[in-house]
Amino acid sequence: MTFVNLAPSAAELQHVRYLFTDIDDTLTTEGKLLPQTYNALWDLSRVGIAVVPVTGGSAGWCEHIVRAWPVAAVIGESGAYSVTRRHGEVVFDYWEDGALQVERQRRHLQAMQHLIAQKGGTFKIAHDQVFRLADVAIDIQGHNAHAVEELAAEIRAMGGTVAISSIHINTWIGDYDKRAMSERLLTSMFGVHPDELPSATAFVGDSRNDAPMFGFIPNSFGVSNIVPVLPHLQHVPKWISAQPAGLGFADIARTILDAMGTSQ
């Protein structure tokens, strides 16, 4: 397990009990969940670490993940809601009133479709939009950084909140983000006292929309594919794995387990 520049000490990680993580290009590698990464999720879960994916991904993804993966909860659509299993049922807890967020999304989607049409249709609404409940996702793969920034600026000028990941512009109407919902989940659902947050939590991410989480959680990690976007981040990870994507996550998980003295 190697890190770019600094490596964490065992003392910094030995009290971690909640691991928040991005999904696309952090847990997944070229869109796939590698066996090493999935095994790492199970290893963390077995020793009592609550893993919480924090993603711009759709409600459809979140429904599957909270059912099938060894996770304590999922935060979806950039903080629009958290998803948990309670008494065998999947429960969505919205940032605001669910019906209000759905209605905002309906209007915002119409506005984004109109904007994209005005730009000649070079951008496309993401294929999983039908599975989304609160935001609008626009595919950015294959587009240069200038074009993405230009579109993002236009959306902000229209009143939309924007987060840019490695694959999408995610946009919504509302004052939430990944950090806000993560803090609510920790304090309201998990009952973590604010004074405990710095030592009890860790985060792993890879892209620009993870910057709020890097600023919120001191024990923050990037996987190596984050390096090209570091100059664009308001907050950067404290440590960076030498491995990319899912392999980097697996190394980070092993580092946390070693610090706890539970690695086998």
# chains A, B, ... in the order shown; residues from 1 in each chain; ligands from 1
call {"tool": "residues_around", "arguments": {"residues": "stretch 49-62 of chain A", "least_positions_apart": "2", "cutoff": "7 Å", "atoms": "only C-alpha atoms", "output": "PyMOL selection string"}}
result
chain A and resi 17-23+44-45+47+64-66+71-78+83+128+131-133+170+178
call {"tool": "closest_atom_pairs", "arguments": {"of": "stretch 146-226 of chain A", "to": "stretch 96-108 of chain A", "cutoff": "9 Å", "atoms": "only C-alpha atoms", "output": "CSV"}}
result
residue,atom,partner,partner_atom,distance
A:Gly160,CA,A:His108,CA,8.0
A:Thr171,CA,A:His108,CA,8.5
A:Trp172,CA,A:Gln105,CA,6.7
A:Ile173,CA,A:Arg104,CA,6.4
A:Gly174,CA,A:Gln101,CA,8.1
call {"tool": "write_last_selection", "arguments": {"atoms": "all heavy atoms", "output": "PDB file, in the first residue's frame"}}
result
ATOM      1  N   GLY A 160     -29.490  27.050 -11.342  1.00  0.00           N
ATOM      2  CA  GLY A 160     -29.253  25.660 -10.961  1.00  0.00           C
ATOM      3  C   GLY A 160     -27.976  25.501 -10.158  1.00  0.00           C
ATOM      4  O   GLY A 160     -26.996  26.216 -10.375  1.00  0.00           O
ATOM      5  N   THR A 171     -27.028  18.540 -11.873  1.00  0.00           N
ATOM      6  CA  THR A 171     -27.588  19.848 -11.550  1.00  0.00           C
ATOM      7  C   THR A 171     -28.969  19.698 -10.944  1.00  0.00           C
ATOM      8  O   THR A 171     -29.717  18.775 -11.290  1.00  0.00           O
ATOM      9  CB  THR A 171     -27.619  20.760 -12.799  1.00  0.00           C
ATOM     10  OG1 THR A 171     -28.252  22.004 -12.444  1.00  0.00           O
ATOM     11  CG2 THR A 171     -28.359  20.126 -13.965  1.00  0.00           C
ATOM     12  N   TRP A 172     -29.292  20.603 -10.011  1.00  0.00           N
ATOM     13  CA  TRP A 172     -30.565  20.528  -9.295  1.00  0.00           C
ATOM     14  C   TRP A 172     -30.920  21.910  -8.760  1.00  0.00           C
ATOM     15  O   TRP A 172     -30.093  22.836  -8.773  1.00  0.00           O
ATOM     16  CB  TRP A 172     -30.472  19.516  -8.156  1.00  0.00           C
ATOM     17  CG  TRP A 172     -29.453  19.855  -7.098  1.00  0.00           C
ATOM     18  CD1 TRP A 172     -29.637  20.569  -5.950  1.00  0.00           C
ATOM     19  CD2 TRP A 172     -28.058  19.485  -7.105  1.00  0.00           C
ATOM     20  NE1 TRP A 172     -28.472  20.674  -5.237  1.00  0.00           N
ATOM     21  CE2 TRP A 172     -27.483  20.012  -5.925  1.00  0.00           C
ATOM     22  CE3 TRP A 172     -27.255  18.758  -7.985  1.00  0.00           C
ATOM     23  CZ2 TRP A 172     -26.131  19.844  -5.600  1.00  0.00           C
ATOM     24  CZ3 TRP A 172     -25.925  18.597  -7.672  1.00  0.00           C
ATOM     25  CH2 TRP A 172     -25.371  19.128  -6.495  1.00  0.00           C
ATOM     26  N   ILE A 173     -32.125  22.025  -8.274  1.00  0.00           N
ATOM     27  CA  ILE A 173     -32.579  23.227  -7.597  1.00  0.00           C
ATOM     28  C   ILE A 173     -32.668  22.909  -6.107  1.00  0.00           C
ATOM     29  O   ILE A 173     -33.448  22.040  -5.698  1.00  0.00           O
ATOM     30  CB  ILE A 173     -33.955  23.698  -8.123  1.00  0.00           C
ATOM     31  CG1 ILE A 173     -33.908  23.909  -9.643  1.00  0.00           C
ATOM     32  CG2 ILE A 173     -34.389  24.971  -7.408  1.00  0.00           C
ATOM     33  CD1 ILE A 173     -32.941  24.977 -10.112  1.00  0.00           C
ATOM     34  N   GLY A 174     -31.862  23.567  -5.300  1.00  0.00           N
ATOM     35  CA  GLY A 174     -31.839  23.293  -3.869  1.00  0.00           C
ATOM     36  C   GLY A 174     -30.504  23.671  -3.271  1.00  0.00           C
ATOM     37  O   GLY A 174     -29.519  23.876  -3.991  1.00  0.00           O
TER      38      GLY A 174
END
call {"tool": "atom_distance", "arguments": {"atom1": "atom CA of A:Tyr94", "atom2": "atom CA of A:Ala137"}}
result
18.1 Å
call {"tool": "residues_around", "arguments": {"residues": "stretch 7-14 of chain A", "least_positions_apart": "4", "cutoff": "8 Å", "atoms": "only C-alpha atoms", "output": "PyMOL selection string"}}
result
chain A and resi 2-3+199+219+239+256+258-261
call {"tool": "residues_around", "arguments": {"residues": "A:Leu186", "least_positions_apart": "6", "cutoff": "10 Å", "atoms": "only C-alpha atoms", "output": "mmCIF file with N, CA, C and O atoms, in the first residue's frame"}}
result
data_model
loop_
_atom_site.group_PDB
_atom_site.id
_atom_site.type_symbol
_atom_site.label_atom_id
_atom_site.label_comp_id
_atom_site.auth_asym_id
_atom_site.auth_seq_id
_atom_site.Cartn_x
_atom_site.Cartn_y
_atom_site.Cartn_z
ATOM 1 N N TYR A 18 -16.775 5.214 10.334
ATOM 2 C CA TYR A 18 -17.693 5.552 9.246
ATOM 3 C C TYR A 18 -16.851 5.950 8.040
ATOM 4 O O TYR A 18 -16.086 6.917 8.103
ATOM 5 N N VAL A 192 -23.644 10.447 15.785
ATOM 6 C CA VAL A 192 -22.248 10.809 16.038
ATOM 7 C C VAL A 192 -22.195 12.258 16.523
ATOM 8 O O VAL A 192 -22.731 13.160 15.882
ATOM 9 N N HIS A 193 -21.552 12.489 17.646
ATOM 10 C CA HIS A 193 -21.412 13.845 18.175
ATOM 11 C C HIS A 193 -20.452 14.635 17.288
ATOM 12 O O HIS A 193 -19.441 14.079 16.819
ATOM 13 N N PRO A 194 -20.739 15.902 17.030
ATOM 14 C CA PRO A 194 -19.848 16.704 16.156
ATOM 15 C C PRO A 194 -18.379 16.668 16.578
ATOM 16 O O PRO A 194 -17.490 16.698 15.713
ATOM 17 N N LEU A 197 -16.569 13.673 14.964
ATOM 18 C CA LEU A 197 -16.513 13.528 13.512
ATOM 19 C C LEU A 197 -15.089 13.444 12.950
ATOM 20 O O LEU A 197 -14.805 12.592 12.106
ATOM 21 N N THR A 201 -14.540 9.478 11.218
ATOM 22 C CA THR A 201 -14.937 9.412 9.816
ATOM 23 C C THR A 201 -13.742 9.470 8.878
ATOM 24 O O THR A 201 -12.677 9.993 9.208
#
call {"tool": "select_by_dssp", "arguments": {"residues": "stretch 6-193 of chain A", "states": "strand (DSSP E or B)", "output": "PyMOL selection string"}}
result
chain A and resi 18-21+29+32+50-54+74-76+81-86+89-94+124-125+136-139+161-164+168-172
call {"tool": "residues_around", "arguments": {"residues": "A:Ala242", "least_positions_apart": "2", "cutoff": "12 Å", "atoms": "only C-alpha atoms", "output": "compact mmCIF listing (two decimals) with all heavy atoms, in the first residue's frame"}}
result
# COMPACT_ATOMS: atom_id res chain seq x y z
N MET A 1 0.85 -1.19 0.00
CA MET A 1 0.00 0.00 0.00
C MET A 1 0.88 1.24 0.00
O MET A 1 1.64 1.47 0.94
CB MET A 1 -0.92 0.01 1.22
CG MET A 1 -1.98 -1.07 1.18
SD MET A 1 -2.73 -1.39 2.78
CE MET A 1 -1.43 -2.39 3.54
N THR A 2 0.84 1.99 -1.08
CA THR A 2 1.67 3.17 -1.19
C THR A 2 0.81 4.39 -1.48
O THR A 2 -0.27 4.29 -2.05
CB THR A 2 2.71 3.01 -2.32
OG1 THR A 2 2.03 2.71 -3.56
CG2 THR A 2 3.68 1.88 -2.01
N PHE A 3 1.34 5.55 -1.08
CA PHE A 3 0.63 6.80 -1.24
C PHE A 3 1.53 7.81 -1.93
O PHE A 3 2.76 7.74 -1.86
CB PHE A 3 0.17 7.34 0.12
CG PHE A 3 -0.92 6.51 0.74
CD1 PHE A 3 -0.62 5.37 1.47
CD2 PHE A 3 -2.24 6.86 0.57
CE1 PHE A 3 -1.63 4.60 2.02
CE2 PHE A 3 -3.26 6.09 1.12
CZ PHE A 3 -2.95 4.97 1.85
N VAL A 4 0.90 8.76 -2.61
CA VAL A 4 1.63 9.85 -3.24
C VAL A 4 2.02 10.83 -2.14
O VAL A 4 1.16 11.33 -1.40
CB VAL A 4 0.76 10.56 -4.30
CG1 VAL A 4 1.49 11.75 -4.89
CG2 VAL A 4 0.36 9.57 -5.39
N ASN A 5 3.31 11.11 -2.03
CA ASN A 5 3.84 12.00 -0.99
C ASN A 5 3.54 11.44 0.40
O ASN A 5 4.03 10.39 0.75
CB ASN A 5 3.28 13.42 -1.15
CG ASN A 5 3.67 14.03 -2.49
OD1 ASN A 5 4.78 13.82 -2.95
ND2 ASN A 5 2.79 14.79 -3.09
N LEU A 6 2.67 12.08 1.19
CA LEU A 6 2.42 11.68 2.57
C LEU A 6 1.60 10.40 2.65
O LEU A 6 0.75 10.14 1.80
CB LEU A 6 1.69 12.78 3.32
CG LEU A 6 2.43 14.09 3.56
CD1 LEU A 6 1.49 15.10 4.21
CD2 LEU A 6 3.66 13.86 4.44
N ALA A 7 1.84 9.63 3.70
CA ALA A 7 1.01 8.46 4.01
C ALA A 7 0.40 8.65 5.39
O ALA A 7 1.02 9.27 6.27
CB ALA A 7 1.85 7.18 3.98
N PHE A 221 -9.20 10.90 1.56
CA PHE A 221 -8.31 10.23 0.61
C PHE A 221 -8.77 10.51 -0.82
O PHE A 221 -9.98 10.56 -1.10
CB PHE A 221 -8.35 8.72 0.80
CG PHE A 221 -7.82 8.21 2.10
CD1 PHE A 221 -8.65 8.14 3.21
CD2 PHE A 221 -6.51 7.79 2.21
CE1 PHE A 221 -8.18 7.64 4.42
CE2 PHE A 221 -6.03 7.28 3.41
CZ PHE A 221 -6.86 7.22 4.53
N GLY A 222 -7.82 10.61 -1.72
CA GLY A 222 -8.11 10.56 -3.14
C GLY A 222 -7.48 9.32 -3.72
O GLY A 222 -6.46 8.84 -3.23
N VAL A 223 -8.13 8.74 -4.74
CA VAL A 223 -7.46 7.70 -5.52
C VAL A 223 -6.63 8.41 -6.59
O VAL A 223 -6.88 9.57 -6.91
CB VAL A 223 -8.48 6.71 -6.12
CG1 VAL A 223 -9.04 5.82 -5.03
CG2 VAL A 223 -9.60 7.44 -6.85
N SER A 224 -5.65 7.73 -7.17
CA SER A 224 -4.64 8.45 -7.96
C SER A 224 -5.19 9.16 -9.18
O SER A 224 -4.61 10.15 -9.64
CB SER A 224 -3.52 7.49 -8.37
OG SER A 224 -3.98 6.53 -9.30
N ASN A 225 -6.34 8.72 -9.69
CA ASN A 225 -6.89 9.40 -10.87
C ASN A 225 -7.45 10.77 -10.56
O ASN A 225 -7.91 11.47 -11.46
CB ASN A 225 -7.96 8.53 -11.55
CG ASN A 225 -8.88 7.80 -10.61
OD1 ASN A 225 -8.44 6.98 -9.81
ND2 ASN A 225 -10.17 8.10 -10.69
N ILE A 226 -7.38 11.20 -9.31
CA ILE A 226 -7.80 12.56 -8.97
C ILE A 226 -6.72 13.58 -9.29
O ILE A 226 -7.01 14.79 -9.38
CB ILE A 226 -8.18 12.67 -7.48
CG1 ILE A 226 -9.04 13.92 -7.24
CG2 ILE A 226 -6.95 12.68 -6.58
CD1 ILE A 226 -9.59 14.03 -5.84
N VAL A 227 -5.50 13.15 -9.47
CA VAL A 227 -4.37 14.08 -9.60
C VAL A 227 -4.60 15.15 -10.69
O VAL A 227 -4.34 16.33 -10.46
CB VAL A 227 -3.06 13.31 -9.84
CG1 VAL A 227 -1.92 14.26 -10.20
CG2 VAL A 227 -2.70 12.50 -8.58
N TRP A 239 -4.62 12.69 1.73
CA TRP A 239 -3.73 11.64 1.23
C TRP A 239 -4.23 11.15 -0.13
O TRP A 239 -5.43 11.18 -0.40
CB TRP A 239 -3.70 10.45 2.19
CG TRP A 239 -3.33 10.81 3.59
CD1 TRP A 239 -2.12 11.27 4.04
CD2 TRP A 239 -4.17 10.74 4.75
NE1 TRP A 239 -2.16 11.48 5.39
CE2 TRP A 239 -3.40 11.17 5.86
CE3 TRP A 239 -5.49 10.35 4.96
CZ2 TRP A 239 -3.91 11.24 7.15
CZ3 TRP A 239 -6.02 10.41 6.25
CH2 TRP A 239 -5.24 10.85 7.32
N ILE A 240 -3.31 10.69 -0.96
CA ILE A 240 -3.66 10.18 -2.28
C ILE A 240 -3.01 8.82 -2.47
O ILE A 240 -1.78 8.68 -2.36
CB ILE A 240 -3.21 11.13 -3.41
CG1 ILE A 240 -3.89 12.50 -3.24
CG2 ILE A 240 -3.53 10.54 -4.78
CD1 ILE A 240 -3.43 13.54 -4.25
N PRO A 244 -5.08 3.68 -8.78
CA PRO A 244 -6.28 4.37 -9.24
C PRO A 244 -7.57 3.66 -8.86
O PRO A 244 -7.59 2.46 -8.58
CB PRO A 244 -6.11 4.35 -10.76
CG PRO A 244 -5.41 3.04 -11.01
CD PRO A 244 -4.47 2.87 -9.85
N ALA A 245 -8.65 4.43 -8.85
CA ALA A 245 -10.02 3.91 -8.82
C ALA A 245 -10.20 2.79 -7.78
O ALA A 245 -9.79 2.93 -6.63
CB ALA A 245 -10.43 3.48 -10.22
N GLY A 246 -10.83 1.68 -8.19
CA GLY A 246 -11.17 0.63 -7.26
C GLY A 246 -9.99 -0.02 -6.58
O GLY A 246 -10.09 -0.46 -5.42
N LEU A 247 -8.85 -0.10 -7.26
CA LEU A 247 -7.64 -0.64 -6.63
C LEU A 247 -7.13 0.30 -5.56
O LEU A 247 -6.65 -0.12 -4.50
CB LEU A 247 -6.57 -0.90 -7.68
CG LEU A 247 -6.89 -1.98 -8.71
CD1 LEU A 247 -5.77 -2.10 -9.73
CD2 LEU A 247 -7.12 -3.34 -8.02
N GLY A 248 -7.24 1.60 -5.81
CA GLY A 248 -6.87 2.59 -4.81
C GLY A 248 -7.76 2.49 -3.59
O GLY A 248 -7.29 2.56 -2.45
N PHE A 249 -9.08 2.32 -3.82
CA PHE A 249 -9.99 2.17 -2.68
C PHE A 249 -9.62 0.95 -1.86
O PHE A 249 -9.62 0.99 -0.62
CB PHE A 249 -11.44 2.06 -3.16
CG PHE A 249 -12.40 1.86 -2.03
CD1 PHE A 249 -12.94 2.95 -1.36
CD2 PHE A 249 -12.75 0.58 -1.59
CE1 PHE A 249 -13.80 2.77 -0.28
CE2 PHE A 249 -13.61 0.39 -0.52
CZ PHE A 249 -14.13 1.49 0.14
N ALA A 250 -9.31 -0.16 -2.52
CA ALA A 250 -8.96 -1.38 -1.79
C ALA A 250 -7.71 -1.15 -0.93
O ALA A 250 -7.65 -1.63 0.21
CB ALA A 250 -8.74 -2.52 -2.77
N ASP A 251 -6.73 -0.42 -1.46
CA ASP A 251 -5.54 -0.11 -0.67
C ASP A 251 -5.87 0.77 0.53
O ASP A 251 -5.35 0.58 1.63
CB ASP A 251 -4.50 0.58 -1.56
CG ASP A 251 -3.54 -0.39 -2.22
OD1 ASP A 251 -3.69 -1.61 -2.02
OD2 ASP A 251 -2.63 0.07 -2.93
N ILE A 252 -6.73 1.75 0.32
CA ILE A 252 -7.13 2.64 1.41
C ILE A 252 -7.88 1.86 2.49
O ILE A 252 -7.64 2.05 3.69
CB ILE A 252 -7.97 3.81 0.86
CG1 ILE A 252 -7.09 4.71 -0.01
CG2 ILE A 252 -8.64 4.59 1.98
CD1 ILE A 252 -7.86 5.64 -0.93
call {"tool": "closest_residue", "arguments": {"among": "A:Lys32, A:Arg67, A:Lys238, A:His114", "to": "A:Val91", "atoms": "only C-alpha atoms"}}
result
A:Arg67
call {"tool": "residues_around", "arguments": {"residues": "A:Pro231", "least_positions_apart": "6", "cutoff": "12 Å", "atoms": "only C-alpha atoms", "output": "compact mmCIF listing (two decimals) with C-alpha atoms, in the first residue's frame"}}
result
# COMPACT_ATOMS: atom_id res chain seq x y z
CA SER A 207 -13.42 14.14 -8.74
CA ARG A 208 -14.41 17.78 -8.52
CA ALA A 211 -14.35 18.76 -2.90
CA PRO A 237 -7.67 15.19 -0.10
call {"tool": "select_by_dssp", "arguments": {"residues": "stretch 16-48 of chain A", "states": "alpha helix (DSSP H)", "output": "ChimeraX atom specification"}}
result
/A:35-46
call {"tool": "residues_around", "arguments": {"residues": "A:His235", "least_positions_apart": "4", "cutoff": "8 Å", "atoms": "only C-alpha atoms", "output": "NGL selection string"}}
result
:A and (211-212 or 214-215)
